[in-house]
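Undergrad: coords.csv is reproduced below (CSV, C-alpha atoms).
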```csv
chain,number,residue,atom,x,y,z
A,1109,MET,CA,0.5,-18.9,-12.4
A,1110,ILE,CA,-2.1,-16.1,-12.3
A,1111,ARG,CA,-1.6,-12.7,-10.6
A,1112,SER,CA,-2.9,-13.6,-7.2
A,1113,GLU,CA,-0.6,-16.6,-7.0
A,1114,ILE,CA,2.4,-14.4,-7.8
A,1115,LEU,CA,1.2,-11.8,-5.2
A,1116,LYS,CA,1.0,-14.6,-2.5
A,1117,ASP,CA,4.4,-15.7,-3.6
A,1118,ILE,CA,6.1,-12.3,-3.2
A,1119,ALA,CA,4.0,-11.0,-0.2
A,1120,PRO,CA,6.9,-11.6,2.2
A,1121,ILE,CA,9.2,-9.5,0.0
A,1122,LEU,CA,6.6,-6.7,-0.5
A,1123,ARG,CA,5.8,-6.5,3.2
A,1124,ASP,CA,8.8,-4.3,4.1
A,1125,GLN,CA,8.6,-2.1,1.0
A,1126,LEU,CA,6.5,0.9,-0.1
A,1127,VAL,CA,4.1,-0.5,-2.7
A,1128,VAL,CA,1.8,1.4,-5.1
A,1129,CYS,CA,-0.7,-1.0,-6.4
A,1130,ASN,CA,-2.8,-0.9,-9.5
A,1131,ILE,CA,-6.6,-0.2,-9.6
A,1132,GLY,CA,-9.2,-2.9,-9.4
A,1133,ILE,CA,-8.6,-6.6,-8.8
A,1134,PRO,CA,-4.8,-6.3,-8.3
A,1135,SER,CA,-5.4,-4.0,-5.3
A,1136,GLN,CA,-8.2,-6.2,-4.0
A,1137,GLU,CA,-5.9,-9.2,-4.2
A,1138,LEU,CA,-3.0,-7.6,-2.5
A,1139,HIS,CA,-5.3,-6.1,0.2
A,1140,ALA,CA,-6.8,-9.6,0.9
A,1141,ILE,CA,-3.5,-11.4,0.8
A,1142,ASP,CA,-1.4,-9.1,3.0
A,1143,ASP,CA,-2.8,-5.7,3.9
A,1144,GLN,CA,0.0,-3.3,5.1
A,1145,PRO,CA,0.1,0.4,5.8
A,1146,THR,CA,3.0,0.5,3.3
A,1147,ASN,CA,0.5,-0.4,0.6
A,1148,PHE,CA,-1.1,2.4,-1.4
A,1149,TYR,CA,-4.2,1.0,-3.1
A,1150,MET,CA,-5.5,2.7,-6.1
A,1151,LEU,CA,-9.3,2.8,-6.1
A,1152,GLY,CA,-9.8,4.8,-9.2
A,1153,THR,CA,-7.8,6.4,-12.1
A,1154,MET,CA,-6.6,3.5,-14.3
A,1155,GLY,CA,-3.1,3.8,-15.6
A,1156,LEU,CA,-1.5,6.1,-13.0
A,1157,ALA,CA,0.2,3.7,-10.6
A,1158,SER,CA,3.6,4.0,-12.4
A,1159,SER,CA,3.3,7.8,-12.3
A,1160,ILE,CA,2.3,7.9,-8.6
A,1161,GLY,CA,5.2,5.6,-7.7
A,1162,LEU,CA,7.6,7.7,-9.7
A,1163,GLY,CA,6.6,10.9,-7.9
A,1164,LEU,CA,7.0,9.0,-4.6
A,1165,ALA,CA,10.4,7.6,-5.5
A,1166,LEU,CA,11.7,11.0,-6.6
A,1167,THR,CA,10.8,12.7,-3.3
A,1168,GLN,CA,12.0,10.3,-0.7
A,1169,PRO,CA,14.8,7.7,-0.4
A,1170,LYS,CA,12.9,4.4,0.4
A,1171,THR,CA,12.5,1.8,-2.3
A,1172,VAL,CA,9.2,2.0,-4.2
A,1173,ILE,CA,7.7,-1.0,-5.9
A,1174,VAL,CA,4.8,-0.3,-8.3
A,1175,ILE,CA,2.6,-3.3,-9.1
A,1176,ASP,CA,1.1,-2.4,-12.5
A,1177,GLY,CA,-0.6,-4.3,-15.3
A,1178,ASP,CA,-0.2,-4.5,-19.0
A,1179,GLY,CA,-3.6,-2.9,-19.7
A,1180,SER,CA,-2.9,-0.1,-17.3
A,1181,VAL,CA,0.5,0.6,-18.8
A,1182,LEU,CA,-1.0,0.6,-22.2
A,1183,THR,CA,-3.5,3.2,-20.9
A,1184,ASN,CA,-0.6,5.5,-19.8
A,1185,LEU,CA,2.1,4.8,-22.3
A,1186,GLY,CA,3.6,8.3,-21.9
A,1187,THR,CA,4.8,7.1,-18.5
A,1188,LEU,CA,7.6,5.0,-20.0
A,1189,PRO,CA,9.6,8.0,-21.4
A,1190,THR,CA,9.1,9.9,-18.2
A,1191,ILE,CA,10.4,6.9,-16.3
A,1192,GLY,CA,13.2,6.3,-18.7
A,1193,ASN,CA,14.5,9.8,-18.4
A,1194,ASN,CA,13.9,10.5,-14.7
A,1195,ALA,CA,13.5,7.3,-12.6
A,1196,PRO,CA,15.8,7.2,-9.5
A,1197,ASP,CA,17.5,4.0,-8.3
A,1198,ASN,CA,14.8,3.4,-5.7
A,1199,TYR,CA,12.1,2.9,-8.3
A,1200,ILE,CA,10.9,-0.5,-9.5
A,1201,LEU,CA,8.0,-0.9,-11.9
A,1202,MET,CA,6.7,-4.4,-11.9
A,1203,ILE,CA,4.3,-5.0,-14.7
A,1204,ILE,CA,2.2,-8.1,-14.2
A,1205,ASP,CA,1.7,-8.9,-17.9
A,1206,ASN,CA,-1.1,-11.4,-18.2
A,1207,GLY,CA,-2.2,-10.2,-21.7
A,1208,SER,CA,-5.6,-9.2,-20.5
A,1209,TYR,CA,-7.7,-6.6,-18.8
A,1210,GLY,CA,-8.4,-8.6,-15.6
A,1211,SER,CA,-10.6,-6.3,-13.8
A,1212,THR,CA,-13.1,-6.0,-16.6
A,1213,GLY,CA,-13.5,-9.6,-17.6
A,1214,ASP,CA,-10.2,-10.7,-19.0
A,1215,GLN,CA,-10.6,-9.1,-22.4
A,1216,PRO,CA,-7.3,-9.5,-24.3
A,1217,THR,CA,-4.8,-6.7,-24.5
A,1218,TYR,CA,-2.3,-6.2,-27.3
A,1219,THR,CA,0.6,-7.5,-25.2
A,1220,GLY,CA,-0.9,-11.0,-25.6
A,1221,MET,CA,-0.6,-10.4,-29.4
A,1222,LYS,CA,2.3,-8.5,-31.1
A,1223,THR,CA,3.1,-5.8,-28.6
A,1224,ASP,CA,6.2,-6.2,-26.4
A,1225,LEU,CA,6.2,-4.0,-23.3
A,1226,ALA,CA,9.8,-4.8,-22.4
A,1227,GLY,CA,10.8,-3.6,-25.8
A,1228,MET,CA,8.7,-0.5,-25.5
A,1229,ALA,CA,10.3,0.3,-22.1
A,1230,LYS,CA,13.8,-0.1,-23.5
A,1231,ALA,CA,12.9,2.1,-26.5
A,1232,ALA,CA,11.5,4.7,-24.1
A,1233,GLY,CA,14.9,5.0,-22.4
A,1234,CYS,CA,14.6,2.6,-19.5
A,1235,ASP,CA,18.1,1.2,-19.1
A,1236,ASN,CA,17.4,-1.8,-16.8
A,1237,VAL,CA,14.5,-3.9,-18.2
A,1238,VAL,CA,14.0,-7.5,-17.1
A,1239,GLU,CA,11.5,-10.0,-18.4
A,1240,VAL,CA,10.7,-12.9,-16.1
A,1241,GLN,CA,8.3,-15.8,-16.0
A,1242,ASP,CA,5.8,-15.9,-13.2
A,1243,VAL,CA,7.5,-18.7,-11.1
A,1244,ASP,CA,10.7,-16.6,-11.1
A,1245,THR,CA,9.2,-13.4,-9.9
A,1246,GLY,CA,10.2,-13.6,-6.2
A,1247,ALA,CA,13.9,-14.3,-6.9
A,1248,ALA,CA,14.0,-11.6,-9.6
A,1249,LEU,CA,12.3,-9.0,-7.5
A,1250,GLN,CA,14.6,-9.6,-4.5
A,1251,LYS,CA,17.6,-9.3,-6.8
A,1252,VAL,CA,16.4,-6.0,-8.2
A,1253,ILE,CA,15.7,-4.7,-4.7
A,1254,ASP,CA,19.2,-5.7,-3.6
A,1255,GLU,CA,20.9,-4.2,-6.7
A,1256,GLY,CA,19.2,-0.8,-6.1
A,1257,VAL,CA,18.9,0.2,-9.7
A,1258,ALA,CA,15.9,1.7,-11.4
A,1259,THR,CA,14.2,-1.2,-13.0
A,1260,VAL,CA,11.2,-2.1,-15.2
A,1261,MET,CA,10.2,-5.8,-14.6
A,1262,VAL,CA,7.8,-7.4,-17.0
A,1263,VAL,CA,6.3,-10.5,-15.4
A,1264,LYS,CA,4.7,-12.9,-17.9
A,1265,CYS,CA,1.9,-14.9,-16.4
A,1266,ASP,CA,-1.5,-16.4,-17.1
A,1267,SER,CA,-4.7,-14.5,-17.3
A,1268,GLY,CA,-7.2,-14.9,-14.4
A,1269,ASN,CA,-8.3,-13.4,-11.1
A,1270,ALA,CA,-8.9,-14.6,-7.6
A,1271,LYS,CA,-12.3,-13.7,-6.1
A,1272,MET,CA,-11.5,-11.1,-3.4
A,1273,PRO,CA,-13.7,-8.6,-1.6
A,1274,VAL,CA,-13.9,-5.0,-2.7
A,1275,ILE,CA,-11.7,-2.6,-0.6
A,1276,THR,CA,-14.1,-0.6,1.6
A,1277,MET,CA,-11.4,1.3,3.5
A,1278,ASP,CA,-11.8,5.0,3.1
A,1279,PRO,CA,-9.4,6.5,0.6
A,1280,VAL,CA,-8.2,9.2,3.0
A,1281,VAL,CA,-7.4,6.5,5.5
A,1282,ILE,CA,-5.4,4.5,2.9
A,1283,ARG,CA,-3.5,7.7,2.0
A,1284,ASP,CA,-3.0,8.9,5.5
A,1285,ARG,CA,-1.6,5.6,6.9
A,1286,PHE,CA,0.5,5.2,3.8
A,1287,MET,CA,2.0,8.7,4.2
A,1288,LYS,CA,2.8,7.9,7.9
A,1289,ALA,CA,4.5,4.7,6.7
A,1290,VAL,CA,6.5,6.7,4.1
A,1291,ALA,CA,7.6,9.2,6.7
A,1292,GLY,CA,8.2,6.6,9.5
B,212,MET,CA,7.0,43.1,-12.4
B,213,ASN,CA,8.2,39.9,-14.2
B,214,ILE,CA,5.2,37.6,-13.7
B,215,ASP,CA,7.2,34.5,-14.6
B,216,LYS,CA,9.7,35.2,-11.8
B,217,LYS,CA,7.0,36.2,-9.4
B,218,ILE,CA,5.2,32.9,-9.9
B,219,ALA,CA,8.4,30.9,-9.5
B,220,ASN,CA,9.4,32.9,-6.4
B,221,ASP,CA,6.0,32.3,-4.8
B,222,LEU,CA,6.2,28.6,-5.5
B,223,VAL,CA,9.6,28.4,-3.8
B,224,ALA,CA,8.4,30.6,-0.9
B,225,ASN,CA,5.5,28.2,-0.3
B,226,ASP,CA,7.9,25.2,-0.3
B,227,VAL,CA,6.7,23.8,-3.7
B,228,ARG,CA,9.7,21.7,-4.8
B,229,PHE,CA,8.2,19.4,-7.4
B,230,VAL,CA,6.6,20.9,-10.6
B,231,THR,CA,5.4,19.0,-13.6
B,232,THR,CA,4.6,20.7,-16.8
B,233,VAL,CA,2.9,20.2,-20.2
B,234,PRO,CA,3.9,23.0,-22.4
B,235,CYS,CA,2.0,26.0,-23.8
B,236,LYS,CA,3.2,29.0,-25.7
B,237,GLN,CA,1.8,31.3,-23.0
B,238,LEU,CA,3.5,29.3,-20.3
B,239,ALA,CA,6.9,29.1,-21.9
B,240,GLY,CA,8.4,31.8,-19.8
B,241,VAL,CA,7.2,30.4,-16.4
B,242,ILE,CA,8.2,26.9,-17.4
B,243,ASP,CA,11.7,28.2,-18.3
B,244,GLU,CA,11.9,30.0,-15.0
B,245,VAL,CA,10.8,26.9,-13.0
B,246,ASP,CA,13.3,24.8,-15.0
B,247,GLN,CA,16.2,27.1,-14.0
B,248,ARG,CA,15.4,27.1,-10.3
B,249,ASP,CA,17.8,24.8,-8.4
B,250,ASN,CA,15.4,24.3,-5.6
B,251,ILE,CA,12.5,23.1,-7.8
B,252,PHE,CA,12.6,19.6,-9.4
B,253,HIS,CA,11.0,20.1,-12.8
B,254,ILE,CA,9.7,16.9,-14.5
B,255,PRO,CA,7.9,17.4,-17.8
B,256,SER,CA,5.1,15.0,-18.3
B,257,ASN,CA,3.6,13.7,-21.6
B,258,LYS,CA,-0.1,14.1,-20.6
B,259,GLU,CA,-1.7,16.0,-17.8
B,260,ASP,CA,-3.3,13.0,-16.0
B,261,GLU,CA,0.2,11.4,-15.9
B,262,GLY,CA,1.4,14.7,-14.4
B,263,MET,CA,-1.2,14.6,-11.7
B,264,GLY,CA,-0.2,11.1,-10.8
B,265,LEU,CA,3.4,12.3,-10.4
B,266,CYS,CA,2.2,15.1,-8.2
B,267,ALA,CA,0.1,12.7,-6.0
B,268,GLY,CA,3.2,10.6,-5.5
B,269,ALA,CA,5.4,13.6,-4.7
B,270,TRP,CA,2.9,14.8,-2.1
B,271,MET,CA,2.8,11.4,-0.4
B,272,GLY,CA,6.6,11.5,-0.5
B,273,GLY,CA,6.5,14.7,1.6
B,274,THR,CA,7.1,17.3,-1.1
B,275,ARG,CA,4.6,20.0,-2.2
B,276,PRO,CA,3.8,19.7,-5.9
B,277,ALA,CA,2.3,21.9,-8.6
B,278,ILE,CA,1.2,21.3,-12.2
B,279,ILE,CA,1.4,23.8,-15.1
B,280,MET,CA,-0.8,23.0,-18.0
B,281,GLN,CA,-3.4,24.2,-20.5
B,282,ASN,CA,-7.1,24.5,-19.9
B,283,THR,CA,-7.7,22.0,-22.7
B,284,ALA,CA,-6.4,19.4,-20.2
B,285,ILE,CA,-9.4,19.9,-18.0
B,286,GLY,CA,-11.1,17.8,-20.6
B,287,VAL,CA,-8.6,14.9,-20.1
B,288,THR,CA,-8.1,15.1,-16.3
B,289,ILE,CA,-11.6,15.1,-14.9
B,290,ASN,CA,-11.4,11.4,-13.8
B,291,THR,CA,-8.0,11.9,-12.2
B,292,LEU,CA,-9.2,15.0,-10.4
B,293,ALA,CA,-12.3,13.3,-9.1
B,294,THR,CA,-10.9,9.8,-8.2
B,295,LEU,CA,-7.3,10.5,-7.3
B,296,ILE,CA,-6.7,14.1,-6.2
B,297,GLN,CA,-10.1,14.8,-4.6
B,298,TYR,CA,-11.0,11.2,-3.5
B,299,TYR,CA,-7.7,10.8,-1.6
B,300,ARG,CA,-7.9,14.5,-0.5
B,301,MET,CA,-4.7,15.9,-1.9
B,302,PRO,CA,-3.6,19.5,-2.5
B,303,LEU,CA,-2.7,20.5,-6.1
B,304,PRO,CA,-2.1,24.0,-7.4
B,305,MET,CA,-2.9,24.0,-11.1
B,306,ILE,CA,-1.4,26.9,-13.0
B,307,ILE,CA,-3.4,26.8,-16.2
B,308,SER,CA,-3.1,28.8,-19.4
B,309,TYR,CA,-6.7,29.9,-20.2
B,310,ARG,CA,-6.5,29.5,-24.0
B,311,GLY,CA,-9.5,30.7,-26.0
B,312,GLU,CA,-10.1,33.9,-24.0
B,313,LEU,CA,-9.7,37.5,-24.9
B,314,ARG,CA,-6.7,38.1,-27.3
B,315,GLU,CA,-6.7,34.4,-28.4
B,316,PRO,CA,-5.8,34.1,-32.1
B,317,VAL,CA,-6.7,30.4,-32.6
B,318,ALA,CA,-10.5,29.8,-32.9
B,319,CYS,CA,-10.5,26.2,-31.9
B,320,GLN,CA,-9.1,27.1,-28.4
B,321,VAL,CA,-12.4,28.9,-27.7
B,322,GLU,CA,-14.3,25.5,-27.8
B,323,MET,CA,-12.7,24.3,-24.6
B,324,ALA,CA,-12.5,27.8,-23.1
B,325,VAL,CA,-16.3,28.0,-23.0
B,326,HIS,CA,-16.5,24.8,-20.9
B,327,THR,CA,-13.5,25.5,-18.7
B,328,LYS,CA,-15.1,27.3,-15.8
B,329,ALA,CA,-18.3,25.2,-15.9
B,330,LEU,CA,-16.3,22.0,-15.6
B,331,LEU,CA,-14.2,23.4,-12.8
B,332,ALA,CA,-17.4,24.6,-11.0
B,333,GLN,CA,-19.0,21.2,-11.6
B,334,LEU,CA,-16.0,19.6,-9.8
B,335,ASN,CA,-16.3,22.1,-6.9
B,336,ILE,CA,-12.7,23.2,-7.6
B,337,PRO,CA,-11.8,26.6,-6.3
B,338,THR,CA,-11.0,28.7,-9.4
B,339,TYR,CA,-9.2,32.0,-9.8
B,340,HIS,CA,-8.9,33.9,-13.1
B,341,PHE,CA,-5.8,36.1,-13.7
B,342,HIS,CA,-6.7,38.7,-16.4
B,343,TRP,CA,-4.5,41.7,-15.4
B,344,GLN,CA,-0.8,41.4,-14.5
B,345,LYS,CA,-1.5,42.8,-11.0
B,346,ASP,CA,-3.8,39.7,-10.4
B,347,VAL,CA,-0.6,37.7,-9.8
B,348,GLU,CA,-0.3,39.4,-6.4
B,349,GLU,CA,-2.9,36.9,-5.3
B,350,PHE,CA,-0.8,33.9,-6.2
B,351,ASP,CA,1.0,33.6,-2.9
B,352,ASN,CA,-2.4,33.6,-1.0
B,353,ILE,CA,-3.8,31.0,-3.4
B,354,LEU,CA,-0.9,28.6,-2.8
B,355,LYS,CA,-1.3,29.0,1.0
B,356,TYR,CA,-5.1,28.4,0.5
B,357,THR,CA,-4.5,25.3,-1.6
B,358,PHE,CA,-2.2,23.6,1.0
B,359,MET,CA,-4.5,24.7,3.8
B,360,ALA,CA,-7.5,23.2,2.1
B,361,ASN,CA,-5.9,20.0,0.7
B,362,LYS,CA,-7.8,20.5,-2.5
B,363,PRO,CA,-7.0,21.0,-6.2
B,364,VAL,CA,-7.2,24.7,-7.0
B,365,ALA,CA,-7.2,26.2,-10.5
B,366,ILE,CA,-5.5,29.4,-11.5
B,367,LEU,CA,-6.7,30.3,-15.0
B,368,THR,CA,-4.2,32.7,-16.7
B,369,ASP,CA,-5.5,34.3,-19.9
B,370,ALA,CA,-3.6,35.8,-22.9
B,371,ASN,CA,-4.2,39.3,-21.5
B,372,PHE,CA,-2.4,38.4,-18.3
B,373,TRP,CA,0.6,37.1,-20.3
B,374,GLY,CA,0.7,40.2,-22.5
B,375,GLY,CA,-1.0,38.8,-25.6
B,376,TYR,CA,0.7,36.9,-28.4
B,377,GLY,CA,3.3,39.4,-29.6
B,378,ASP,CA,2.6,40.2,-33.2
B,379,GLN,CA,-0.4,37.9,-33.5
```
Could you take the file, read its structure, and then write that structure out as structure tokens?

TA:
Amino acid sequence: MIRSEILKDIAPILRDQLVVCNIGIPSQELHAIDDQPTNFYMLGTMGLASSIGLGLALTQPKTVIVIDGDGSVLTNLGTLPTIGNNAPDNYILMIIDNGSYGSTGDQPTYTGMKTDLAGMAKAAGCDNVVEVQDVDTGAALQKVIDEGVATVMVVKCDSGNAKMPVITMDPVVIRDRFMKAVAG
Amino acid sequence: MNIDKKIANDLVANDVRFVTTVPCKQLAGVIDEVDQRDNIFHIPSNKEDEGMGLCAGAWMGGTRPAIIMQNTAIGVTINTLATLIQYYRMPLPMIISYRGELREPVACQVEMAVHTKALLAQLNIPTYHFHWQKDVEEFDNILKYTFMANKPVAILTDANFWGGYGDQ
């Protein structure tokens, strides 16, 4: 499965949750598949989805699901120790690990070679790290939500992108409706 | 006047409850002060752009944030300031040690100091420079201004403000 197929698969689970979605094609795919006020789409700033989600989880009680990518986590590796030492139980970091930089033309990342993100997360102090295959994502995500424990999920899947339109919604509108959903 | 305590007091008085820090020798006292306050959640970050991501999330979660960092970090946070904090229109007080200014002992720090105000000006970020200890009296107003304007605002604090480097 490629990322967009996973997102279609788990859209019914994501719909009721606060979601912080990674920059580029992941946000375009989620927006096209199931746009919700509870989705915060990153339009810039590669790498910070996990950090934005962590700040959000630390300041309000609702579950926060971050949809991140292997390339983006590699861009902001300092996030893993911060998560490992601070993440509250309403925080789920789901890394869609397709071993490539999808938004820029599927150039390979090091996670498709020797680098093991799950191992890095564990070494950074993240206590609950699960690695799942693409077809098992929905069941694994629902289990993690039900358990209510801070979790890093690494979802191994194929490289590839669906052709989706660019998000043209104004960033302040995205942010404002998201904040209303957070507070609601 | 203890400027560390004054800064922490003003943060609390302005409902700032989430502070991320990247350390600096000049900022050690205020970071300690923030860390000791029960009503401030202090989360050290490993890089300043990561810290700005944390602050963006905290603000969307309903909590007023602030970041404490060095001016060298302006060099690594320009994209984050432009495409996250400014693009989504978020408030962010940035308490910045202005390394490389008067009484600086480390020559390399001057290399980013000479770019600091120009970069902030290029980004249209309101910028205040604390050089004398009495300048801290403005801090409360700057925090109110930041959360009124919903913008990142820089408070540059140089070595003279912090009382120099002791015996250096």

Undergrad: Any chance you could tabulate, as CSV, the residues of chain A at most 6 Å from chain B with each one's nearest atom pair and distance in Å to one decimal, using all atoms listed in the file, in chain and rising number order?

TA:
```
residue,atom,partner,partner_atom,distance
A:Gly1152,CA,B:Thr294,CA,5.2
A:Thr1153,CA,B:Thr291,CA,5.5
A:Leu1156,CA,B:Gly264,CA,5.6
A:Ser1159,CA,B:Leu265,CA,4.9
A:Ile1160,CA,B:Gly268,CA,4.2
A:Gly1161,CA,B:Gly268,CA,5.8
A:Gly1163,CA,B:Gly268,CA,4.2
A:Leu1164,CA,B:Gly268,CA,4.2
A:Thr1167,CA,B:Gly272,CA,5.2
A:Gln1168,CA,B:Gly272,CA,5.5
A:Gly1186,CA,B:Asn257,CA,5.4
A:Pro1279,CA,B:Tyr299,CA,5.1
A:Val1280,CA,B:Tyr299,CA,4.9
A:Met1287,CA,B:Met271,CA,5.4
```

Undergrad: For Gly1177 of chain A, please output as a VMD selection string all residues within 9 Å (counting all atoms listed in the file; exclusion window: fewer than 6 positions along the same chain).

TA: chain A and resid 1130 1134 1155 1202 to 1210

Undergrad: Keeping only C-alpha atoms, take the residues you just selected and write them out as a PDB file, keeping the file's coordinate frame.

TA:
```pdb
ATOM      1  CA  ASN A1130      -2.800  -0.900  -9.500  1.00  0.00           C
ATOM      2  CA  PRO A1134      -4.800  -6.300  -8.300  1.00  0.00           C
ATOM      3  CA  GLY A1155      -3.100   3.800 -15.600  1.00  0.00           C
ATOM      4  CA  MET A1202       6.700  -4.400 -11.900  1.00  0.00           C
ATOM      5  CA  ILE A1203       4.300  -5.000 -14.700  1.00  0.00           C
ATOM      6  CA  ILE A1204       2.200  -8.100 -14.200  1.00  0.00           C
ATOM      7  CA  ASP A1205       1.700  -8.900 -17.900  1.00  0.00           C
ATOM      8  CA  ASN A1206      -1.100 -11.400 -18.200  1.00  0.00           C
ATOM      9  CA  GLY A1207      -2.200 -10.200 -21.700  1.00  0.00           C
ATOM     10  CA  SER A1208      -5.600  -9.200 -20.500  1.00  0.00           C
ATOM     11  CA  TYR A1209      -7.700  -6.600 -18.800  1.00  0.00           C
ATOM     12  CA  GLY A1210      -8.400  -8.600 -15.600  1.00  0.00           C
TER      13      GLY A1210
END
```

Undergrad: I'd like the contact shell of Leu1188 of chain A - 9 Å cut-off, all atoms listed in the file, skipping same-chain residues fewer than 4 positions apart - returned as a CSV table (one decimal) with C-alpha atoms, in the frame of the given file.

TA:
```csv
chain,number,residue,atom,x,y,z
A,1158,SER,CA,3.6,4.0,-12.4
A,1181,VAL,CA,0.5,0.6,-18.8
A,1184,ASN,CA,-0.6,5.5,-19.8
A,1192,GLY,CA,13.2,6.3,-18.7
A,1193,ASN,CA,14.5,9.8,-18.4
A,1228,MET,CA,8.7,-0.5,-25.5
A,1229,ALA,CA,10.3,0.3,-22.1
A,1230,LYS,CA,13.8,-0.1,-23.5
A,1231,ALA,CA,12.9,2.1,-26.5
A,1232,ALA,CA,11.5,4.7,-24.1
A,1233,GLY,CA,14.9,5.0,-22.4
A,1234,CYS,CA,14.6,2.6,-19.5
```

Undergrad: Taking the point (13.5, -11.7, -6.8) as given in the file, collect each protein or nucleic acid residue that comes within 12 Å of it, counting all atoms listed in the file, and present the set as a PDB file with C-alpha atoms, in the coordinates of the input.

TA:
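Saved file result00.pdb follows:
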```pdb
ATOM      1  CA  ILE A1114       2.400 -14.400  -7.800  1.00  0.00           C
ATOM      2  CA  ASP A1117       4.400 -15.700  -3.600  1.00  0.00           C
ATOM      3  CA  ILE A1118       6.100 -12.300  -3.200  1.00  0.00           C
ATOM      4  CA  ALA A1119       4.000 -11.000  -0.200  1.00  0.00           C
ATOM      5  CA  PRO A1120       6.900 -11.600   2.200  1.00  0.00           C
ATOM      6  CA  ILE A1121       9.200  -9.500   0.000  1.00  0.00           C
ATOM      7  CA  LEU A1122       6.600  -6.700  -0.500  1.00  0.00           C
ATOM      8  CA  ILE A1200      10.900  -0.500  -9.500  1.00  0.00           C
ATOM      9  CA  MET A1202       6.700  -4.400 -11.900  1.00  0.00           C
ATOM     10  CA  VAL A1238      14.000  -7.500 -17.100  1.00  0.00           C
ATOM     11  CA  GLU A1239      11.500 -10.000 -18.400  1.00  0.00           C
ATOM     12  CA  VAL A1240      10.700 -12.900 -16.100  1.00  0.00           C
ATOM     13  CA  GLN A1241       8.300 -15.800 -16.000  1.00  0.00           C
ATOM     14  CA  ASP A1242       5.800 -15.900 -13.200  1.00  0.00           C
ATOM     15  CA  VAL A1243       7.500 -18.700 -11.100  1.00  0.00           C
ATOM     16  CA  ASP A1244      10.700 -16.600 -11.100  1.00  0.00           C
ATOM     17  CA  THR A1245       9.200 -13.400  -9.900  1.00  0.00           C
ATOM     18  CA  GLY A1246      10.200 -13.600  -6.200  1.00  0.00           C
ATOM     19  CA  ALA A1247      13.900 -14.300  -6.900  1.00  0.00           C
ATOM     20  CA  ALA A1248      14.000 -11.600  -9.600  1.00  0.00           C
ATOM     21  CA  LEU A1249      12.300  -9.000  -7.500  1.00  0.00           C
ATOM     22  CA  GLN A1250      14.600  -9.600  -4.500  1.00  0.00           C
ATOM     23  CA  LYS A1251      17.600  -9.300  -6.800  1.00  0.00           C
ATOM     24  CA  VAL A1252      16.400  -6.000  -8.200  1.00  0.00           C
ATOM     25  CA  ILE A1253      15.700  -4.700  -4.700  1.00  0.00           C
ATOM     26  CA  ASP A1254      19.200  -5.700  -3.600  1.00  0.00           C
ATOM     27  CA  GLU A1255      20.900  -4.200  -6.700  1.00  0.00           C
ATOM     28  CA  MET A1261      10.200  -5.800 -14.600  1.00  0.00           C
ATOM     29  CA  VAL A1263       6.300 -10.500 -15.400  1.00  0.00           C
TER      30      VAL A1263
END
```

Undergrad: In file coordinates, which residues lie within 12 Å of (-15.5, 25.1, -20.2) using all atoms listed in the file, given as a ChimeraX atom specification?

TA: /B:282-286,289,309-312,320-334,367

Undergrad: Using only C-alpha atoms, which residue out of B:Ala277, B:Val241, B:Ile307, B:Met212 lies closest to Leu354 of chain B?

TA: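 The shortest atom-to-atom distance to Leu354 of chain B comes from B:Ala277.
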
Undergrad: Given all atoms listed in the file as the basis, pick out the residue of A:Pro1189, A:Gly1132, A:Gly1256, A:Pro1169 nearest to Val1274 of chain A.

TA: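 The shortest atom-to-atom distance to Val1274 of chain A comes from A:Gly1132.
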
Undergrad: What lies within 10 Å of Ile279 of chain B using only C-alpha atoms, ignoring chain neighbours under 4 positions off, as a list in words?

TA: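 With the cut-off at 10 Å, the set is Val230, Thr231, Thr232, Val233, Pro234, Cys235, Leu238, Val241, Ile242, Pro255, Glu259, Gly262, Pro304, Met305, Ile306, Ile307, Ser308 and Ile366 of chain B.
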
Undergrad: What is the distance, in Å and to one decimal place, between atom CA of Thr1171 of chain A and atom CA of Asn1198 of chain A?

TA: 4.4 Å
